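What follows is a set of notes on a single structure, which appears directly below.
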Amino acid sequence: MKWFRSIAALLTLALVGCAAPSGQAPQGQWVYPPMAIPLQPSLQQEVQIARLTQLLQRSDLEDDVRAKMLYERGNYYDSVGLRDLARLDFNQSLQINPAQPDIFNLLGVYFTQVGEFDAAFDAFDAALELAPDNIYAERNRAIALYYGGRQTLALEAIRAHFVQDEQDPFRALWLYIIEAKDQPEQARKDLLELYQHKDEQWGWVLVAMMLDEVTEEDAFRAIIAGSRENELLAQRLTEAYFYLGKRHQMANDFASAISLYKLAVSFNVYEYIEHRYAFLELAVIYRQLQAERAATENADGL
């Protein structure tokens with residue numbers, strides 16, 4: 001495996017090197033986007049899936065043990081992108097033991113991805129009823145309300161989530177995204193104020209990029225400098241491309257947004273919400289462009 005790691009490291013450095021802008025590139029832009037090697041299922045993940053599958057065939061398992069194994073295998077399926085299989089295991093686990101808030105949270109995310117928002121709200125409500133302090137269900141419920149068009153409730157939910165940790169850059173980003181839908185100037189002012197009091201968490205680089213306080217080139221240089229391992233680089237680039245795509249989308253630069261969302265999903269970081277919701281954002285843009293095209297055609301036909 002050493003030779004593979006060496007080749008992977010060299011390839012990562014080569015891909016990163018392509019990010020350097022040429023003399024003809026505009027200031028703050030890159031010729032080729034910074035890349036990482038897309039993540040692949042690890043030997044441990046494959047072995048654990050096979051092991052749990054074998055154990056689940058036993059007929060003498062206690063119900064609570066079977067429910068736990070189904071949950072664990074579902075998590076492994078989810079981590080390698082097999083979401084339908086993961087969802088099947090999660091549902092079977094809930095049939096045995098319905099008091100599992102983490103499963104309800106994941107199911108809520110799945111329903112949000114496919115636009116089944118009522119089902120998503122029910123799942124998040126169940127998760128929070130079982131575990132009122134589940135911060136992931138709180139955040140994901142606010143995001144689902146945002147995507148589901150319930151703006152007032154989304155803003156109320158994300159504000160309540162944000163005040164629990166005002167130094168969390170990702171809470172600040174989602175507060176900005178949701179608030180900017182109706183009040184873009186106020187949202188930017190609020191995020192800029194938060195940015196002035198930032199700490200050392202790396203996510204504030206994403207906030208700076210969203211605010212255009214740093215160039216894209218400098219932001220990616222900071223990400224690359226702090227992400228020497230390929231897995232960490234893939235994770236951070238997934239987040240960076242998603243939020244940069246959102247910035248361009250909010251500016252109605254749909255061509256750039258589409259390209260960036262595609263980059264966000266290219267690294268196979270299946271467990272990150274930025275990977276999951278990039279697909280949803282692409283669908284939102286597609287529907288918006290289709291509606292605009294239909295409106296133009298109708299106007300031309302009059």
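Following the order of the structure tokens, chains are lettered A, B, ..., residues in each are numbered from 1, and ligands are numbered from 1.
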
**Study point:** Residue contacts of Trp204 of chain A (9 Å, only C-alpha atoms) excluding same-chain residues fewer than 5 positions away, as a VMD selection string
**Key:** chain A and resid 168 to 170 195 198 to 199 209

Sorted by chain and rising residue number, list the residues of segment 21-112 of chain A at most 6 Å from segment 120-133 of chain A (counting only C-alpha atoms), each with its closest atom pair and distance in Å to one decimal, as a Markdown table.
| residue | atom | partner | partner_atom | distance |
| --- | --- | --- | --- | --- |
| A:Pro101 | CA | A:Ala127 | CA | 4.1 |
| A:Phe104 | CA | A:Ala123 | CA | 5.0 |
| A:Asn105 | CA | A:Phe124 | CA | 5.5 |
| A:Gly108 | CA | A:Ala120 | CA | 4.1 |
| A:Phe111 | CA | A:Ala120 | CA | 5.0 |
| A:Thr112 | CA | A:Ala120 | CA | 5.7 |

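As for atom CA of Phe254 of chain A and atom CA of Glu281 of chain A, they are spaced 10.6 Å apart.
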
Practice item. May I have the residues within 9 Å of Glu271 of chain A as an NGL selection string, using only C-alpha atoms and disregarding those fewer than 6 positions away in the same chain? Key: :A and (78-81)

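Distances here use only C-alpha atoms; by that measure, the residue among A:Phe117, A:Tyr110, A:Tyr176, A:Phe162 closest to Arg247 of chain A is A:Tyr176.
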
**Study point:** Neighbour list for Leu39 of chain A as a ChimeraX atom specification, cut-off 12 Å, only C-alpha atoms, skip fewer than 4 positions in-chain
**Key:** /A:8,12,35,79-81,229-235,238,265-271

Output of the above residues as a compact mmCIF listing (two decimals), in the first residue's frame, restricted to N, CA and C atoms:
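Wrote it out as result.txt, contents follow:
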# COMPACT_ATOMS: atom_id res chain seq x y z
N ALA A 8 -0.50 8.56 -4.76
CA ALA A 8 -1.63 9.43 -4.45
C ALA A 8 -1.15 10.79 -3.98
N THR A 12 -1.84 14.27 -5.86
CA THR A 12 -2.48 15.39 -5.16
C THR A 12 -1.68 16.67 -5.35
N MET A 35 -7.77 20.63 -6.94
CA MET A 35 -8.44 19.33 -6.90
C MET A 35 -7.79 18.43 -5.85
N SER A 79 -21.74 6.14 3.98
CA SER A 79 -20.40 6.71 3.85
C SER A 79 -19.75 6.40 2.51
N VAL A 80 -20.27 5.37 1.80
CA VAL A 80 -19.71 5.04 0.48
C VAL A 80 -20.69 5.38 -0.64
N GLY A 81 -21.75 6.12 -0.29
CA GLY A 81 -22.67 6.62 -1.31
C GLY A 81 -23.81 5.69 -1.68
N GLU A 229 -3.11 16.16 3.82
CA GLU A 229 -3.63 14.81 3.56
C GLU A 229 -4.77 14.90 2.55
N ASN A 230 -4.82 13.94 1.64
CA ASN A 230 -5.81 13.99 0.57
C ASN A 230 -7.24 13.97 1.09
N GLU A 231 -7.52 13.17 2.11
CA GLU A 231 -8.90 13.07 2.62
C GLU A 231 -9.38 14.41 3.17
N LEU A 232 -8.53 15.06 3.96
CA LEU A 232 -8.89 16.37 4.50
C LEU A 232 -9.03 17.40 3.38
N LEU A 233 -8.16 17.34 2.40
CA LEU A 233 -8.24 18.27 1.27
C LEU A 233 -9.55 18.07 0.52
N ALA A 234 -9.94 16.82 0.29
CA ALA A 234 -11.20 16.54 -0.40
C ALA A 234 -12.38 17.08 0.38
N GLN A 235 -12.34 16.92 1.70
CA GLN A 235 -13.43 17.41 2.54
C GLN A 235 -13.54 18.93 2.47
N THR A 238 -14.71 20.20 -0.90
CA THR A 238 -16.16 19.97 -1.04
C THR A 238 -16.92 21.14 -0.43
N VAL A 265 -19.40 17.85 -5.68
CA VAL A 265 -19.80 16.45 -5.58
C VAL A 265 -18.74 15.51 -6.14
N SER A 266 -17.71 16.05 -6.78
CA SER A 266 -16.74 15.21 -7.49
C SER A 266 -15.79 14.46 -6.58
N PHE A 267 -15.68 14.87 -5.32
CA PHE A 267 -14.69 14.26 -4.42
C PHE A 267 -15.26 13.10 -3.62
N ASN A 268 -16.55 12.80 -3.79
CA ASN A 268 -17.19 11.65 -3.14
C ASN A 268 -17.18 11.74 -1.61
N VAL A 269 -17.30 12.95 -1.08
CA VAL A 269 -17.39 13.11 0.38
C VAL A 269 -18.87 13.00 0.75
N TYR A 270 -19.36 11.78 0.70
CA TYR A 270 -20.80 11.53 0.75
C TYR A 270 -21.45 11.98 2.05
N GLU A 271 -20.70 11.98 3.13
CA GLU A 271 -21.29 12.26 4.44
C GLU A 271 -21.50 13.75 4.71

Review point. A:Asp190, A:Asp102, A:Asp60, A:Glu239: which is nearest Leu206 of chain A, counting only C-alpha atoms?
Key: A:Glu239

Check your understanding: When DSSP works through the backbone of this structure, what residues of segment 30-110 of chain A end up as alpha helix (DSSP H), shown as a ChimeraX atom specification?
Key -> /A:43-55,63-79,83-96,101-110

Exercise for review: Find the residues around segment 69-72 of chain A up to 7 Å (only C-alpha atoms counted), leave out those fewer than 4 positions away in its own chain, and share them as an MDAnalysis selection string.
Suggested key: chainID A and resid 52 65 76 89:90 93

Would you mind exporting N, CA, C and O atoms of the selected residues as a PDB file, in the first residue's frame?
ATOM      1  N   LEU A  52     -20.907  -7.188   8.884  1.00  0.00           N
ATOM      2  CA  LEU A  52     -22.240  -6.939   9.434  1.00  0.00           C
ATOM      3  C   LEU A  52     -23.311  -7.691   8.637  1.00  0.00           C
ATOM      4  O   LEU A  52     -24.286  -8.193   9.212  1.00  0.00           O
ATOM      5  N   VAL A  65     -29.704  -5.750  19.439  1.00  0.00           N
ATOM      6  CA  VAL A  65     -28.443  -5.965  18.738  1.00  0.00           C
ATOM      7  C   VAL A  65     -28.654  -5.869  17.230  1.00  0.00           C
ATOM      8  O   VAL A  65     -27.868  -5.237  16.514  1.00  0.00           O
ATOM      9  N   TYR A  76     -22.344   2.728   7.227  1.00  0.00           N
ATOM     10  CA  TYR A  76     -21.275   2.380   6.285  1.00  0.00           C
ATOM     11  C   TYR A  76     -21.756   2.517   4.843  1.00  0.00           C
ATOM     12  O   TYR A  76     -21.023   3.022   3.983  1.00  0.00           O
ATOM     13  N   ASP A  89     -31.736  -0.015   5.463  1.00  0.00           N
ATOM     14  CA  ASP A  89     -31.275  -0.481   6.783  1.00  0.00           C
ATOM     15  C   ASP A  89     -31.798   0.406   7.897  1.00  0.00           C
ATOM     16  O   ASP A  89     -32.197  -0.089   8.971  1.00  0.00           O
ATOM     17  N   PHE A  90     -31.811   1.717   7.686  1.00  0.00           N
ATOM     18  CA  PHE A  90     -32.303   2.621   8.715  1.00  0.00           C
ATOM     19  C   PHE A  90     -33.778   2.365   9.011  1.00  0.00           C
ATOM     20  O   PHE A  90     -34.203   2.358  10.171  1.00  0.00           O
ATOM     21  N   SER A  93     -34.111  -0.777  10.992  1.00  0.00           N
ATOM     22  CA  SER A  93     -33.666  -0.561  12.368  1.00  0.00           C
ATOM     23  C   SER A  93     -34.730   0.165  13.177  1.00  0.00           C
ATOM     24  O   SER A  93     -34.979  -0.168  14.343  1.00  0.00           O
TER      25      SER A  93
END

Exercise for review: For segment 285-287 of chain A, list every protein, DNA or RNA residue within 12 Å, evaluated using only C-alpha atoms, and leave out those in the same chain fewer than 4 positions away; present the list as number ranges by chain.
Suggested key: A: 245-246, 248-250, 252-259, 261, 278-281, 291-294

Using only N, CA and C atoms, please write the residues we just selected to a file, as a tab-separated table (two decimals), in the first residue's frame.
chain	number	residue	atom	x	y	z
A	245	GLY	N	-20.08	28.12	-4.84
A	245	GLY	CA	-21.17	27.95	-5.79
A	245	GLY	C	-22.41	28.70	-5.34
A	246	LYS	N	-22.68	28.66	-4.04
A	246	LYS	CA	-23.84	29.38	-3.51
A	246	LYS	C	-23.67	30.88	-3.70
A	248	HIS	N	-22.03	32.44	-6.08
A	248	HIS	CA	-22.27	32.76	-7.49
A	248	HIS	C	-23.74	32.60	-7.85
A	249	GLN	N	-24.39	31.62	-7.27
A	249	GLN	CA	-25.81	31.42	-7.52
A	249	GLN	C	-26.63	32.61	-7.02
A	250	MET	N	-26.29	33.10	-5.85
A	250	MET	CA	-26.99	34.24	-5.28
A	250	MET	C	-26.77	35.50	-6.11
A	252	ASN	N	-26.73	35.32	-9.33
A	252	ASN	CA	-27.34	34.95	-10.62
A	252	ASN	C	-26.31	34.55	-11.68
A	253	ASP	N	-25.12	34.17	-11.24
A	253	ASP	CA	-24.11	33.63	-12.15
A	253	ASP	C	-24.27	32.11	-12.16
A	254	PHE	N	-25.26	31.64	-12.89
A	254	PHE	CA	-25.63	30.23	-12.82
A	254	PHE	C	-24.60	29.32	-13.47
A	255	ALA	N	-23.93	29.79	-14.51
A	255	ALA	CA	-22.92	28.96	-15.18
A	255	ALA	C	-21.79	28.61	-14.21
A	256	SER	N	-21.30	29.61	-13.48
A	256	SER	CA	-20.24	29.36	-12.50
A	256	SER	C	-20.76	28.49	-11.36
A	257	ALA	N	-21.98	28.76	-10.91
A	257	ALA	CA	-22.55	27.99	-9.80
A	257	ALA	C	-22.67	26.51	-10.16
A	258	ILE	N	-23.14	26.23	-11.37
A	258	ILE	CA	-23.29	24.84	-11.80
A	258	ILE	C	-21.94	24.14	-11.80
A	259	SER	N	-20.93	24.79	-12.36
A	259	SER	CA	-19.59	24.20	-12.40
A	259	SER	C	-19.06	23.92	-11.00
A	261	TYR	N	-20.81	23.53	-8.13
A	261	TYR	CA	-21.56	22.45	-7.47
A	261	TYR	C	-21.12	21.09	-7.98
A	278	ALA	N	-25.51	19.90	-2.71
A	278	ALA	CA	-25.08	20.39	-4.02
A	278	ALA	C	-26.00	19.84	-5.11
A	279	PHE	N	-26.43	18.58	-4.96
A	279	PHE	CA	-27.36	18.01	-5.92
A	279	PHE	C	-28.69	18.76	-5.90
A	280	LEU	N	-29.13	19.11	-4.70
A	280	LEU	CA	-30.39	19.84	-4.57
A	280	LEU	C	-30.28	21.22	-5.20
A	281	GLU	N	-29.16	21.89	-5.01
A	281	GLU	CA	-28.96	23.21	-5.60
A	281	GLU	C	-28.94	23.13	-7.13
A	291	ALA	N	-37.97	27.49	-15.97
A	291	ALA	CA	-39.08	28.42	-15.82
A	291	ALA	C	-38.82	29.71	-16.59
A	292	GLU	N	-37.57	30.21	-16.51
A	292	GLU	CA	-37.23	31.42	-17.24
A	292	GLU	C	-37.33	31.21	-18.75
A	293	ARG	N	-36.89	30.05	-19.21
A	293	ARG	CA	-36.96	29.74	-20.63
A	293	ARG	C	-38.41	29.67	-21.10
A	294	ALA	N	-39.26	29.01	-20.28
A	294	ALA	CA	-40.68	28.91	-20.64
A	294	ALA	C	-41.34	30.27	-20.70

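Taking atom CA of Pro184 of chain A and atom CA of Glu200 of chain A as endpoints, the distance between them is 26.3 Å.
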
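As for atom CA of Ala295 of chain A and atom CA of Gly148 of chain A, they are spaced 22.8 Å apart.
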